[in-house]
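Enquirer: Supplied in structure tokens, the structure appears directly below.
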Amino acid sequence: MRIPLRIQGISIMRKTSRILLISAVLLLLIPVFVVMAQLEDQSEKLELVFEKMDKASRTFESFKADISTRKYTAVLEEFDPPENGLYFYKRAGDGSALVRWEIKDPAEKITTIRNDEVTIYQPKIKYANIYKLGKHRNKTEYLALGLGQAPSDLKEKYHITFKGGETINGDACSILEFRPKDPEVASTFSSITVWVKDVSGISTQMKLVEPYEDYLLVNFSNEKLNSKIDNSIFKQDLPGDVEVTSR
């Protein structure tokens with residue numbers, strides 16, 4: 001029995017419409033599949049970075065390096081003059097951070113953190129400011145992200161995202177973005193981007209972004225990992241003629 005041409009035409013049109021509909025749906029889904037693949041790839045790369053950071057954390061004792069910082073002011077769209085010096089970091093027996101940050105140029109300033117106490121000393125003007133961190137103790141970790149912390153601890157405090165790779169000071173690095181889970185912390189820095197060396201699992205550059213898009217760019221060079229650092233350098237014995245403000 002022959003099917004009328006009109007019915008055959010309708011059937012062909014319906015099949016064609018279904019094919020076109022399926023094709024259109026597939027075209028719409030392609031970006032979704034691409035995004036899913038990218039997210040899966042980023043997740044795998046993030047885990048690889050975590051593995052290196054975890055390995056570094058198990059043997060971490062101390063870190064020292066040359067440090068250069070530049071403050072960017074968003075409303076002016078410009079950087080302040082860079083500050084250059086030395087940076088020392090290790091952990092005390094109770095797990096608290098020990099920090100010494102010496103600015104040599106353009107004006108000498110020495111900041112130390114020990115026993116929950118911060119001392120900021122400016123030799124040229126013979127002035128020092130001493131204060132207790134108290135509940136803000138965790139702020140000492142901002143300049144130590146990626147320096148020997150276990151990823152499991154960092155995951156508790158931050159949402160962490162893999163942002164690609166870049167070469168810094170000749171070293172291949174993975175870029176991680178940390179967004180604080182604690183709203184109080186986020187009110188100080190909305191995000192902290194860390195460049196982690198692929199070879200060591202230790203950070204070599206940081207970008208600390210404030211809520212209004214001002215940021216501090218920190219770069220380490222000539223890093224020395226696990227070299228001996230005497231705890232005495234984290235305590236400042238101020239000269240008698242220094243004016244001291246405590247709070």
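To be explicit about the labels: the chains of the structure tokens are called A, B, and onward in the order shown, and within each one the residues are counted from 1, while ligands get numbers from 1 in the order they are shown.
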Contacts of Lys163 (chain A) at 10 Å or less, counting only C-alpha atoms, minus same-chain residues fewer than 4 places along, as JSON, numbers by chain?
Expert: {"A": [42, 45, 46, 174, 175, 176, 177, 193, 194, 195]}
Enquirer: Given the selection you just returned, output its residues as a file containing C-alpha atoms, formatted as a JSON list (two decimals), in the first residue's frame.
Expert:
```
[["chain", "number", "residue", "atom", "x", "y", "z"],
["A", 42, "GLN", "CA", 40.68, 22.64, 37.90],
["A", 45, "LYS", "CA", 45.02, 20.46, 39.42],
["A", 46, "LEU", "CA", 44.05, 21.92, 42.80],
["A", 174, "SER", "CA", 50.30, 27.45, 40.54],
["A", 175, "ILE", "CA", 47.91, 30.26, 41.43],
["A", 176, "LEU", "CA", 45.42, 29.69, 44.25],
["A", 177, "GLU", "CA", 42.72, 32.11, 45.38],
["A", 193, "THR", "CA", 45.85, 35.11, 45.91],
["A", 194, "VAL", "CA", 48.92, 32.95, 46.41],
["A", 195, "TRP", "CA", 51.50, 31.83, 43.84]]
```
Enquirer: Would you give me, as a ChimeraX atom specification, the residues in region 122-160 of chain A that DSSP reads as alpha helix (DSSP H)?
Expert: /A:151-157
Enquirer: Residues within 10 Å of region 202-206 of chain A, please, as an MDAnalysis selection string. Count only C-alpha atoms; anything in the same chain fewer than 5 positions from it doesn't count.
Expert: chainID A and resid 49 52:54 56:57 60 63 65 67:69 142:149 168:169 171 173:177 192:197 215:223 225
Enquirer: Neighbouring residues of Pro180 (chain A) were defined as those with any atom within 10 Å, considering only C-alpha atoms; residues of the same chain fewer than 4 positions away were excluded. Please report them as a ChimeraX atom specification.
Expert: /A:154-160,184-192
Enquirer: Nearest to Leu208 (chain A): which of A:Thr112, A:Lys90, A:Lys126, A:Arg179 is it, counting only C-alpha atoms?
Expert: A:Arg179
